[in-house]
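Visitor: The file below is work-v6.cif, mmCIF, N, CA and C atoms:
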data_my_file
#
loop_
_atom_site.label_atom_id
_atom_site.label_comp_id
_atom_site.auth_asym_id
_atom_site.auth_seq_id
_atom_site.Cartn_x
_atom_site.Cartn_y
_atom_site.Cartn_z
N MET A 4 120.76 98.16 107.04
CA MET A 4 119.97 97.51 106.02
C MET A 4 119.80 98.45 104.82
N VAL A 5 119.91 97.90 103.66
CA VAL A 5 119.76 98.67 102.43
C VAL A 5 118.38 98.39 101.85
N LEU A 6 117.63 99.46 101.58
CA LEU A 6 116.33 99.32 100.94
C LEU A 6 116.52 99.49 99.45
N VAL A 7 116.19 98.42 98.70
CA VAL A 7 116.37 98.40 97.25
C VAL A 7 115.00 98.34 96.58
N LEU A 8 114.78 99.23 95.63
CA LEU A 8 113.56 99.22 94.83
C LEU A 8 113.89 98.58 93.49
N VAL A 9 113.16 97.53 93.14
CA VAL A 9 113.30 96.89 91.84
C VAL A 9 112.08 97.29 91.03
N ILE A 10 112.33 97.90 89.88
CA ILE A 10 111.27 98.52 89.09
C ILE A 10 111.59 98.31 87.61
N GLY A 11 110.61 98.42 86.77
CA GLY A 11 110.88 98.32 85.34
C GLY A 11 109.65 98.49 84.49
N ASP A 12 109.87 98.47 83.19
CA ASP A 12 108.80 98.55 82.19
C ASP A 12 107.84 99.71 82.46
N LEU A 13 108.42 100.91 82.55
CA LEU A 13 107.60 102.09 82.81
C LEU A 13 106.88 102.57 81.54
N HIS A 14 107.56 102.55 80.43
CA HIS A 14 106.99 102.93 79.12
C HIS A 14 106.37 104.33 79.12
N ILE A 15 107.05 105.27 79.80
CA ILE A 15 106.59 106.66 79.80
C ILE A 15 107.35 107.41 78.72
N PRO A 16 106.76 108.08 77.81
CA PRO A 16 105.35 108.45 77.64
C PRO A 16 104.62 107.59 76.61
N TYR A 17 105.23 106.50 76.11
CA TYR A 17 104.65 105.76 74.99
C TYR A 17 103.35 105.05 75.32
N ARG A 18 103.27 104.46 76.50
CA ARG A 18 102.07 103.69 76.85
C ARG A 18 101.30 104.25 78.03
N THR A 19 101.89 105.19 78.74
CA THR A 19 101.23 105.84 79.87
C THR A 19 101.93 107.18 80.11
N HIS A 20 101.28 108.07 80.83
CA HIS A 20 101.85 109.41 80.99
C HIS A 20 102.73 109.58 82.22
N ASP A 21 102.59 108.71 83.25
CA ASP A 21 103.37 108.88 84.47
C ASP A 21 103.22 107.66 85.36
N LEU A 22 104.03 107.61 86.41
CA LEU A 22 103.84 106.60 87.44
C LEU A 22 102.52 106.85 88.15
N PRO A 23 101.84 105.83 88.65
CA PRO A 23 100.60 106.05 89.40
C PRO A 23 100.86 106.95 90.62
N ALA A 24 99.97 107.87 90.88
CA ALA A 24 100.15 108.85 91.96
C ALA A 24 100.35 108.19 93.32
N LYS A 25 99.61 107.14 93.62
CA LYS A 25 99.75 106.46 94.92
C LYS A 25 101.14 105.84 95.08
N PHE A 26 101.69 105.32 93.98
CA PHE A 26 103.02 104.74 94.01
C PHE A 26 104.07 105.84 94.13
N LYS A 27 103.89 106.89 93.35
CA LYS A 27 104.85 107.99 93.35
C LYS A 27 104.96 108.64 94.73
N LYS A 28 103.87 108.65 95.45
CA LYS A 28 103.84 109.23 96.80
C LYS A 28 104.76 108.47 97.76
N LEU A 29 104.98 107.19 97.49
CA LEU A 29 105.86 106.37 98.34
C LEU A 29 107.34 106.57 98.04
N LEU A 30 107.64 107.16 96.91
CA LEU A 30 109.03 107.30 96.46
C LEU A 30 109.66 108.57 97.04
N VAL A 31 109.92 108.53 98.32
CA VAL A 31 110.48 109.67 99.05
C VAL A 31 112.00 109.66 98.91
N PRO A 32 112.58 110.74 98.37
CA PRO A 32 114.05 110.79 98.26
C PRO A 32 114.72 110.56 99.61
N GLY A 33 115.78 109.74 99.61
CA GLY A 33 116.52 109.45 100.83
C GLY A 33 116.03 108.21 101.56
N LYS A 34 114.84 107.73 101.27
CA LYS A 34 114.30 106.55 101.94
C LYS A 34 114.85 105.26 101.30
N ILE A 35 114.96 105.27 99.99
CA ILE A 35 115.45 104.13 99.22
C ILE A 35 116.91 104.36 98.90
N GLN A 36 117.76 103.36 99.16
CA GLN A 36 119.20 103.52 98.92
C GLN A 36 119.63 103.12 97.51
N GLN A 37 118.88 102.20 96.89
CA GLN A 37 119.29 101.73 95.57
C GLN A 37 118.06 101.40 94.74
N ILE A 38 118.14 101.70 93.45
CA ILE A 38 117.11 101.32 92.50
C ILE A 38 117.74 100.45 91.43
N ILE A 39 117.10 99.31 91.19
CA ILE A 39 117.49 98.41 90.11
C ILE A 39 116.34 98.45 89.11
N CYS A 40 116.62 98.86 87.89
CA CYS A 40 115.57 99.03 86.88
C CYS A 40 115.83 98.12 85.69
N THR A 41 114.78 97.37 85.30
CA THR A 41 114.89 96.42 84.19
C THR A 41 114.66 97.07 82.82
N GLY A 42 114.64 98.38 82.78
CA GLY A 42 114.58 99.07 81.49
C GLY A 42 113.20 99.53 81.08
N ASN A 43 113.15 100.02 79.84
CA ASN A 43 111.97 100.67 79.27
C ASN A 43 111.53 101.86 80.11
N VAL A 44 112.54 102.65 80.48
CA VAL A 44 112.29 103.94 81.13
C VAL A 44 111.73 104.90 80.08
N CYS A 45 112.34 104.91 78.94
CA CYS A 45 111.91 105.56 77.70
C CYS A 45 112.19 107.05 77.57
N ASP A 46 111.99 107.87 78.59
CA ASP A 46 112.23 109.30 78.38
C ASP A 46 113.18 109.88 79.42
N LYS A 47 113.81 110.97 79.04
CA LYS A 47 114.82 111.62 79.88
C LYS A 47 114.24 112.14 81.19
N GLU A 48 113.04 112.67 81.15
CA GLU A 48 112.41 113.22 82.35
C GLU A 48 112.19 112.14 83.40
N THR A 49 111.73 110.97 82.97
CA THR A 49 111.50 109.87 83.91
C THR A 49 112.82 109.39 84.49
N LEU A 50 113.85 109.30 83.66
CA LEU A 50 115.18 108.92 84.13
C LEU A 50 115.68 109.90 85.18
N GLU A 51 115.54 111.19 84.91
CA GLU A 51 115.97 112.20 85.87
C GLU A 51 115.19 112.10 87.18
N TYR A 52 113.90 111.83 87.09
CA TYR A 52 113.08 111.67 88.30
C TYR A 52 113.56 110.47 89.11
N ILE A 53 113.79 109.33 88.46
CA ILE A 53 114.26 108.13 89.16
C ILE A 53 115.57 108.42 89.89
N ARG A 54 116.43 109.18 89.26
CA ARG A 54 117.73 109.49 89.88
C ARG A 54 117.62 110.41 91.09
N THR A 55 116.48 111.08 91.28
CA THR A 55 116.29 111.91 92.48
C THR A 55 115.85 111.08 93.68
N ILE A 56 115.40 109.86 93.45
CA ILE A 56 114.84 109.03 94.52
C ILE A 56 115.92 108.35 95.35
N ALA A 57 116.97 107.85 94.67
CA ALA A 57 118.01 107.10 95.36
C ALA A 57 119.38 107.50 94.83
N PRO A 58 120.40 107.39 95.68
CA PRO A 58 121.75 107.77 95.24
C PRO A 58 122.39 106.75 94.31
N ASP A 59 121.91 105.51 94.32
CA ASP A 59 122.50 104.44 93.52
C ASP A 59 121.42 103.89 92.59
N VAL A 60 121.54 104.18 91.30
CA VAL A 60 120.54 103.75 90.32
C VAL A 60 121.25 102.94 89.23
N SER A 61 120.77 101.72 89.02
CA SER A 61 121.30 100.84 87.98
C SER A 61 120.17 100.52 87.01
N ILE A 62 120.40 100.76 85.72
CA ILE A 62 119.37 100.55 84.71
C ILE A 62 119.97 99.79 83.54
N VAL A 63 119.24 98.79 83.05
CA VAL A 63 119.62 98.12 81.82
C VAL A 63 118.70 98.59 80.70
N ARG A 64 119.14 98.39 79.47
CA ARG A 64 118.41 98.87 78.30
C ARG A 64 117.29 97.90 77.93
N GLY A 65 116.09 98.44 77.85
CA GLY A 65 114.95 97.67 77.38
C GLY A 65 114.77 97.84 75.88
N ASP A 66 113.84 97.11 75.32
CA ASP A 66 113.63 97.17 73.88
C ASP A 66 113.00 98.48 73.42
N TYR A 67 112.51 99.33 74.34
CA TYR A 67 111.99 100.65 73.99
C TYR A 67 112.95 101.77 74.35
N ASP A 68 114.06 101.46 74.99
CA ASP A 68 115.04 102.47 75.37
C ASP A 68 116.00 102.73 74.22
N ASP A 69 116.36 104.01 74.04
CA ASP A 69 117.35 104.33 73.02
C ASP A 69 118.59 104.99 73.63
N ASN A 70 118.74 104.89 74.94
CA ASN A 70 119.89 105.47 75.63
C ASN A 70 121.06 104.49 75.54
N PRO A 71 122.08 104.82 74.75
CA PRO A 71 123.21 103.90 74.60
C PRO A 71 124.04 103.74 75.87
N ALA A 72 123.82 104.60 76.86
CA ALA A 72 124.55 104.48 78.13
C ALA A 72 124.02 103.32 78.97
N PHE A 73 122.81 102.86 78.69
CA PHE A 73 122.26 101.73 79.42
C PHE A 73 122.86 100.43 78.87
N PRO A 74 123.48 99.61 79.72
CA PRO A 74 124.01 98.33 79.23
C PRO A 74 122.87 97.34 79.00
N LEU A 75 123.14 96.31 78.21
CA LEU A 75 122.13 95.26 77.99
C LEU A 75 121.98 94.35 79.21
N SER A 76 123.04 94.26 79.99
CA SER A 76 123.00 93.48 81.23
C SER A 76 124.00 94.07 82.20
N LEU A 77 123.82 93.75 83.47
CA LEU A 77 124.80 94.17 84.46
C LEU A 77 124.74 93.23 85.65
N THR A 78 125.81 93.24 86.42
CA THR A 78 125.89 92.44 87.64
C THR A 78 126.17 93.39 88.79
N ILE A 79 125.37 93.24 89.83
CA ILE A 79 125.50 94.07 91.03
C ILE A 79 125.88 93.14 92.18
N HIS A 80 126.85 93.57 92.98
CA HIS A 80 127.30 92.74 94.10
C HIS A 80 126.82 93.32 95.42
N HIS A 81 126.10 92.49 96.16
CA HIS A 81 125.70 92.75 97.54
C HIS A 81 126.18 91.53 98.32
N PRO A 82 127.48 91.52 98.69
CA PRO A 82 128.04 90.33 99.31
C PRO A 82 127.16 89.80 100.45
N PRO A 83 126.92 88.50 100.44
CA PRO A 83 127.55 87.48 99.62
C PRO A 83 126.80 87.18 98.31
N LEU A 84 125.82 87.99 97.95
CA LEU A 84 125.01 87.72 96.76
C LEU A 84 125.46 88.52 95.55
N SER A 85 125.27 87.92 94.38
CA SER A 85 125.47 88.65 93.13
C SER A 85 124.12 88.66 92.40
N ILE A 86 123.79 89.83 91.86
CA ILE A 86 122.49 90.04 91.22
C ILE A 86 122.72 90.39 89.77
N GLY A 87 122.15 89.60 88.88
CA GLY A 87 122.20 89.90 87.46
C GLY A 87 120.93 90.63 87.06
N VAL A 88 121.08 91.58 86.15
CA VAL A 88 119.92 92.37 85.69
C VAL A 88 119.93 92.38 84.17
N ILE A 89 118.78 92.01 83.59
CA ILE A 89 118.56 92.10 82.15
C ILE A 89 117.15 92.65 81.94
N HIS A 90 116.89 93.14 80.75
CA HIS A 90 115.52 93.57 80.48
C HIS A 90 114.61 92.36 80.33
N GLY A 91 115.02 91.39 79.56
CA GLY A 91 114.23 90.19 79.37
C GLY A 91 113.88 89.91 77.92
N HIS A 92 114.03 90.92 77.06
CA HIS A 92 113.73 90.67 75.64
C HIS A 92 114.77 89.75 75.00
N GLN A 93 115.86 89.50 75.71
CA GLN A 93 116.89 88.58 75.23
C GLN A 93 116.45 87.12 75.42
N CYS A 94 115.43 86.90 76.20
CA CYS A 94 114.97 85.57 76.56
C CYS A 94 113.85 85.13 75.60
N VAL A 95 114.13 84.06 74.84
CA VAL A 95 113.14 83.55 73.88
C VAL A 95 112.90 82.08 74.19
N PRO A 96 111.64 81.70 74.43
CA PRO A 96 110.45 82.53 74.47
C PRO A 96 110.43 83.42 75.71
N THR A 97 109.70 84.51 75.61
CA THR A 97 109.62 85.52 76.67
C THR A 97 109.24 84.89 78.01
N GLY A 98 110.05 85.18 79.03
CA GLY A 98 109.78 84.71 80.38
C GLY A 98 110.05 83.24 80.63
N ASP A 99 110.61 82.54 79.68
CA ASP A 99 110.86 81.10 79.80
C ASP A 99 111.90 80.83 80.90
N MET A 100 111.50 80.04 81.90
CA MET A 100 112.38 79.79 83.04
C MET A 100 113.64 79.02 82.67
N GLU A 101 113.58 78.13 81.71
CA GLU A 101 114.79 77.43 81.29
C GLU A 101 115.80 78.40 80.69
N GLN A 102 115.31 79.31 79.86
CA GLN A 102 116.20 80.31 79.25
C GLN A 102 116.74 81.28 80.31
N LEU A 103 115.87 81.72 81.24
CA LEU A 103 116.33 82.61 82.30
C LEU A 103 117.36 81.92 83.19
N SER A 104 117.14 80.64 83.46
CA SER A 104 118.09 79.88 84.26
C SER A 104 119.44 79.77 83.55
N ALA A 105 119.40 79.55 82.23
CA ALA A 105 120.65 79.49 81.46
C ALA A 105 121.37 80.84 81.50
N LEU A 106 120.62 81.94 81.40
CA LEU A 106 121.23 83.27 81.47
C LEU A 106 121.85 83.51 82.85
N ALA A 107 121.15 83.09 83.90
CA ALA A 107 121.68 83.24 85.27
C ALA A 107 122.98 82.46 85.44
N ARG A 108 123.02 81.24 84.89
CA ARG A 108 124.26 80.44 84.96
C ARG A 108 125.38 81.12 84.17
N GLN A 109 125.05 81.62 82.98
CA GLN A 109 126.04 82.29 82.14
C GLN A 109 126.60 83.53 82.84
N MET A 110 125.72 84.27 83.53
CA MET A 110 126.15 85.47 84.24
C MET A 110 126.77 85.14 85.60
N ASP A 111 126.62 83.88 86.05
CA ASP A 111 127.12 83.41 87.34
C ASP A 111 126.59 84.27 88.49
N VAL A 112 125.24 84.38 88.55
CA VAL A 112 124.60 85.19 89.58
C VAL A 112 123.68 84.34 90.46
N ASP A 113 123.47 84.80 91.68
CA ASP A 113 122.57 84.13 92.62
C ASP A 113 121.12 84.54 92.38
N ILE A 114 120.93 85.77 91.93
CA ILE A 114 119.61 86.32 91.69
C ILE A 114 119.61 86.91 90.28
N LEU A 115 118.56 86.61 89.52
CA LEU A 115 118.42 87.22 88.20
C LEU A 115 117.14 88.05 88.20
N VAL A 116 117.30 89.34 87.93
CA VAL A 116 116.18 90.26 87.83
C VAL A 116 115.95 90.54 86.34
N SER A 117 114.72 90.33 85.90
CA SER A 117 114.40 90.57 84.49
C SER A 117 113.01 91.17 84.40
N GLY A 118 112.72 91.76 83.25
CA GLY A 118 111.41 92.36 83.01
C GLY A 118 110.81 91.84 81.73
N HIS A 119 110.22 92.74 80.97
CA HIS A 119 109.69 92.52 79.63
C HIS A 119 108.30 91.90 79.59
N THR A 120 107.94 91.05 80.55
CA THR A 120 106.62 90.41 80.50
C THR A 120 105.52 91.31 81.07
N HIS A 121 105.91 92.32 81.86
CA HIS A 121 104.99 93.23 82.52
C HIS A 121 104.16 92.54 83.60
N THR A 122 104.58 91.36 84.00
CA THR A 122 103.87 90.58 85.01
C THR A 122 104.83 90.23 86.13
N PHE A 123 104.42 90.48 87.38
CA PHE A 123 105.26 90.12 88.53
C PHE A 123 105.45 88.61 88.58
N HIS A 124 106.68 88.21 88.87
CA HIS A 124 106.98 86.79 89.03
C HIS A 124 108.20 86.65 89.95
N ALA A 125 108.11 85.77 90.92
CA ALA A 125 109.24 85.46 91.80
C ALA A 125 109.29 83.96 91.97
N GLN A 126 110.49 83.39 91.80
CA GLN A 126 110.61 81.94 91.85
C GLN A 126 112.04 81.55 92.19
N GLU A 127 112.18 80.49 92.96
CA GLU A 127 113.48 79.89 93.19
C GLU A 127 113.58 78.66 92.31
N LEU A 128 114.71 78.50 91.66
CA LEU A 128 114.91 77.37 90.77
C LEU A 128 116.39 77.02 90.75
N GLU A 129 116.70 75.78 90.98
CA GLU A 129 118.08 75.29 90.91
C GLU A 129 119.04 76.12 91.77
N GLY A 130 118.58 76.52 92.96
CA GLY A 130 119.43 77.26 93.89
C GLY A 130 119.62 78.73 93.57
N ARG A 131 118.87 79.23 92.59
CA ARG A 131 118.92 80.65 92.23
C ARG A 131 117.53 81.25 92.39
N PHE A 132 117.50 82.57 92.58
CA PHE A 132 116.22 83.26 92.73
C PHE A 132 115.99 84.13 91.51
N PHE A 133 114.77 84.11 91.00
CA PHE A 133 114.40 84.87 89.80
C PHE A 133 113.29 85.84 90.17
N LEU A 134 113.46 87.10 89.76
CA LEU A 134 112.48 88.13 90.07
C LEU A 134 112.18 88.97 88.84
N ASN A 135 110.90 89.10 88.56
CA ASN A 135 110.42 90.03 87.54
C ASN A 135 109.46 90.97 88.26
N PRO A 136 109.79 92.27 88.33
CA PRO A 136 108.95 93.19 89.09
C PRO A 136 107.64 93.56 88.40
N GLY A 137 107.45 93.12 87.16
CA GLY A 137 106.25 93.52 86.42
C GLY A 137 106.43 94.93 85.89
N THR A 138 105.33 95.62 85.67
CA THR A 138 105.38 97.00 85.19
C THR A 138 105.02 97.96 86.30
N ALA A 139 105.81 99.01 86.45
CA ALA A 139 105.59 99.99 87.50
C ALA A 139 104.41 100.91 87.21
N THR A 140 104.00 100.96 85.97
CA THR A 140 102.94 101.91 85.59
C THR A 140 101.63 101.24 85.22
N GLY A 141 101.63 99.92 85.12
CA GLY A 141 100.43 99.24 84.65
C GLY A 141 100.33 99.24 83.15
N ALA A 142 101.40 99.69 82.49
CA ALA A 142 101.42 99.70 81.02
C ALA A 142 101.17 98.29 80.51
N TRP A 143 100.56 98.19 79.39
CA TRP A 143 100.19 96.93 78.75
C TRP A 143 100.83 95.70 79.38
N SER A 144 100.01 94.78 79.79
CA SER A 144 100.51 93.50 80.26
C SER A 144 99.74 92.41 79.53
N GLY A 145 99.87 92.42 78.24
CA GLY A 145 99.08 91.61 77.33
C GLY A 145 99.42 90.15 77.24
N SER A 146 99.73 89.67 76.09
CA SER A 146 99.64 88.26 75.75
C SER A 146 100.88 87.41 76.04
N PHE A 147 101.92 87.94 76.69
CA PHE A 147 103.07 87.09 76.99
C PHE A 147 102.63 86.01 77.97
N SER A 148 103.02 84.79 77.73
CA SER A 148 102.73 83.73 78.69
C SER A 148 104.01 83.32 79.37
N THR A 149 103.93 83.06 80.67
CA THR A 149 105.12 82.65 81.43
C THR A 149 104.86 81.38 82.17
#
Show how you would write the structure in this file as structure tokens.

Guide:
Amino acid sequence: MVLVLVIGDLHIPYRTHDLPAKFKKLLVPGKIQQIICTGNVCDKETLEYIRTIAPDVSIVRGDYDDNPAFPLSLTIHHPPLSIGVIHGHQCVPTGDMEQLSALARQMDVDILVSGHTHTFHAQELEGRFFLNPGTATGAWSGSFST
């Protein structure tokens, strides 16, 4: 069994200084095999820390990231499932399920992981599963409606 951590919208150091200590304590290197991140990692130190937790780290570019190495979207295969990952700022209006469903169809994925709203959301729709992990740090989760 593969343990996958889905995380995103950290906003370190812009909106908070670090991951919460109780959460960070759970991030034992070698325990988690893969990390899927919806972006807004923001700084090099946080990126380096995330890469020490798991051997397989996939990150997409959020609207606060300036790392050109992060793609805007990616597809990860865990046969028989395909997982699409986007930050979510591409979805207008933010968090709109019709738009997310259209993106999932366009990417031809079974699961679409997105962020940007800073609010956890999990839903099955039209035979696909949609997951937004919320914010890992508790950084602003203001006025977006979903």

Visitor: Using DSSP on the backbone coordinates, identify all residues within region 70-101 of chain A classified as strand (DSSP E or B); present the result as a list of chain:residue names.

Guide: A:Ser76, A:Leu77, A:Thr78, A:Ile79, A:His80, A:His81, A:Leu84, A:Ser85, A:Ile86, A:Gly87, A:Val88, A:Ile89

Visitor: Might you spell out which residues the PyMOL selection byres (((chain A and resi 126-129 and name CA) around 12) and name CA) would select in the displayed file, as an NGL selection string?

Guide: :A and (98 or 100-105 or 107-108 or 112-117 or 123-125 or 130-136 or 149)

Visitor: Just so the selection is clear, what residues does the PyMOL selection byres (((chain A and resi 85 and name CA) around 9) and name CA) cover here, as a PyMOL selection string?

Guide: chain A and resi 78-84+86-87+111-115

Visitor: Could you spell out the hits of the PyMOL selection byres ((chain A and resi 44-57) around 8) on the shown file, as a short mmCIF file (atom, residue, chain, number, x, y, z; two decimals) with N, CA and C atoms, in the frame of the given file?

Guide:
data_model
loop_
_atom_site.label_atom_id
_atom_site.label_comp_id
_atom_site.auth_asym_id
_atom_site.auth_seq_id
_atom_site.Cartn_x
_atom_site.Cartn_y
_atom_site.Cartn_z
N GLY A 11 110.61 98.42 86.77
CA GLY A 11 110.88 98.32 85.34
C GLY A 11 109.65 98.49 84.49
N ASP A 12 109.87 98.47 83.19
CA ASP A 12 108.80 98.55 82.19
C ASP A 12 107.84 99.71 82.46
N LEU A 13 108.42 100.91 82.55
CA LEU A 13 107.60 102.09 82.81
C LEU A 13 106.88 102.57 81.54
N HIS A 14 107.56 102.55 80.43
CA HIS A 14 106.99 102.93 79.12
C HIS A 14 106.37 104.33 79.12
N ILE A 15 107.05 105.27 79.80
CA ILE A 15 106.59 106.66 79.80
C ILE A 15 107.35 107.41 78.72
N PRO A 16 106.76 108.08 77.81
CA PRO A 16 105.35 108.45 77.64
C PRO A 16 104.62 107.59 76.61
N TYR A 17 105.23 106.50 76.11
CA TYR A 17 104.65 105.76 74.99
C TYR A 17 103.35 105.05 75.32
N LEU A 30 107.64 107.16 96.91
CA LEU A 30 109.03 107.30 96.46
C LEU A 30 109.66 108.57 97.04
N VAL A 31 109.92 108.53 98.32
CA VAL A 31 110.48 109.67 99.05
C VAL A 31 112.00 109.66 98.91
N PRO A 32 112.58 110.74 98.37
CA PRO A 32 114.05 110.79 98.26
C PRO A 32 114.72 110.56 99.61
N GLY A 33 115.78 109.74 99.61
CA GLY A 33 116.52 109.45 100.83
C GLY A 33 116.03 108.21 101.56
N LYS A 34 114.84 107.73 101.27
CA LYS A 34 114.30 106.55 101.94
C LYS A 34 114.85 105.26 101.30
N ILE A 35 114.96 105.27 99.99
CA ILE A 35 115.45 104.13 99.22
C ILE A 35 116.91 104.36 98.90
N GLN A 36 117.76 103.36 99.16
CA GLN A 36 119.20 103.52 98.92
C GLN A 36 119.63 103.12 97.51
N GLN A 37 118.88 102.20 96.89
CA GLN A 37 119.29 101.73 95.57
C GLN A 37 118.06 101.40 94.74
N ILE A 38 118.14 101.70 93.45
CA ILE A 38 117.11 101.32 92.50
C ILE A 38 117.74 100.45 91.43
N CYS A 40 116.62 98.86 87.89
CA CYS A 40 115.57 99.03 86.88
C CYS A 40 115.83 98.12 85.69
N THR A 41 114.78 97.37 85.30
CA THR A 41 114.89 96.42 84.19
C THR A 41 114.66 97.07 82.82
N GLY A 42 114.64 98.38 82.78
CA GLY A 42 114.58 99.07 81.49
C GLY A 42 113.20 99.53 81.08
N ASN A 43 113.15 100.02 79.84
CA ASN A 43 111.97 100.67 79.27
C ASN A 43 111.53 101.86 80.11
N PRO A 58 120.40 107.39 95.68
CA PRO A 58 121.75 107.77 95.24
C PRO A 58 122.39 106.75 94.31
N ASP A 59 121.91 105.51 94.32
CA ASP A 59 122.50 104.44 93.52
C ASP A 59 121.42 103.89 92.59
N VAL A 60 121.54 104.18 91.30
CA VAL A 60 120.54 103.75 90.32
C VAL A 60 121.25 102.94 89.23
N VAL A 63 119.24 98.79 83.05
CA VAL A 63 119.62 98.12 81.82
C VAL A 63 118.70 98.59 80.70
N ARG A 64 119.14 98.39 79.47
CA ARG A 64 118.41 98.87 78.30
C ARG A 64 117.29 97.90 77.93
N GLY A 65 116.09 98.44 77.85
CA GLY A 65 114.95 97.67 77.38
C GLY A 65 114.77 97.84 75.88
N ASP A 66 113.84 97.11 75.32
CA ASP A 66 113.63 97.17 73.88
C ASP A 66 113.00 98.48 73.42
N TYR A 67 112.51 99.33 74.34
CA TYR A 67 111.99 100.65 73.99
C TYR A 67 112.95 101.77 74.35
N ASP A 68 114.06 101.46 74.99
CA ASP A 68 115.04 102.47 75.37
C ASP A 68 116.00 102.73 74.22
N ASP A 69 116.36 104.01 74.04
CA ASP A 69 117.35 104.33 73.02
C ASP A 69 118.59 104.99 73.63
N ASN A 70 118.74 104.89 74.94
CA ASN A 70 119.89 105.47 75.63
C ASN A 70 121.06 104.49 75.54
#

Visitor: Could you pull out the alpha helix (DSSP H) residues of region 66-136 of chain A, going by DSSP on the backbone, and write them as an mmCIF file with N, CA and C atoms, in the frame of the given file?

Guide:
data_model
loop_
_atom_site.group_PDB
_atom_site.id
_atom_site.type_symbol
_atom_site.label_atom_id
_atom_site.label_comp_id
_atom_site.auth_asym_id
_atom_site.auth_seq_id
_atom_site.Cartn_x
_atom_site.Cartn_y
_atom_site.Cartn_z
ATOM 1 N N MET A 100 111.500 80.040 81.900
ATOM 2 C CA MET A 100 112.380 79.790 83.040
ATOM 3 C C MET A 100 113.640 79.020 82.670
ATOM 4 N N GLU A 101 113.580 78.130 81.710
ATOM 5 C CA GLU A 101 114.790 77.430 81.290
ATOM 6 C C GLU A 101 115.800 78.400 80.690
ATOM 7 N N GLN A 102 115.310 79.310 79.860
ATOM 8 C CA GLN A 102 116.200 80.310 79.250
ATOM 9 C C GLN A 102 116.740 81.280 80.310
ATOM 10 N N LEU A 103 115.870 81.720 81.240
ATOM 11 C CA LEU A 103 116.330 82.610 82.300
ATOM 12 C C LEU A 103 117.360 81.920 83.190
ATOM 13 N N SER A 104 117.140 80.640 83.460
ATOM 14 C CA SER A 104 118.090 79.880 84.260
ATOM 15 C C SER A 104 119.440 79.770 83.550
ATOM 16 N N ALA A 105 119.400 79.550 82.230
ATOM 17 C CA ALA A 105 120.650 79.490 81.460
ATOM 18 C C ALA A 105 121.370 80.840 81.500
ATOM 19 N N LEU A 106 120.620 81.940 81.400
ATOM 20 C CA LEU A 106 121.230 83.270 81.470
ATOM 21 C C LEU A 106 121.850 83.510 82.850
ATOM 22 N N ALA A 107 121.150 83.090 83.900
ATOM 23 C CA ALA A 107 121.680 83.240 85.270
ATOM 24 C C ALA A 107 122.980 82.460 85.440
ATOM 25 N N ARG A 108 123.020 81.240 84.890
ATOM 26 C CA ARG A 108 124.260 80.440 84.960
ATOM 27 C C ARG A 108 125.380 81.120 84.170
ATOM 28 N N GLN A 109 125.050 81.620 82.980
ATOM 29 C CA GLN A 109 126.040 82.290 82.140
ATOM 30 C C GLN A 109 126.600 83.530 82.840
ATOM 31 N N MET A 110 125.720 84.270 83.530
ATOM 32 C CA MET A 110 126.150 85.470 84.240
ATOM 33 C C MET A 110 126.770 85.140 85.600
#

Visitor: So what do you get for CA of His90 (chain A) versus CA of His119 (chain A), distance-wise?

Guide: 6.0 Å

Visitor: Could you work out how far atom C of Gly91 (chain A) lies from CA of Ile62 (chain A), giving the answer in Å with one decimal?

Guide: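 Separation of CA of Ile62 (chain A) and atom C of Gly91 (chain A): 13.8 Å.
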
Visitor: Would you mind reading off the distance between CA of Val95 (chain A) and CA of Ala72 (chain A), one decimal, in Å?

Guide: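 Value for the CA of Val95 (chain A)-CA of Ala72 (chain A) distance: 24.2 Å.
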
Visitor: Kindly indicate which residue among A:Thr122, A:Thr138, A:Gln109, A:Ser76 lies nearest to Ile10 (chain A), using only C-alpha atoms for the distances.

Guide: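 Using only C-alpha atoms, Ile10 (chain A) sits closest to A:Thr138.
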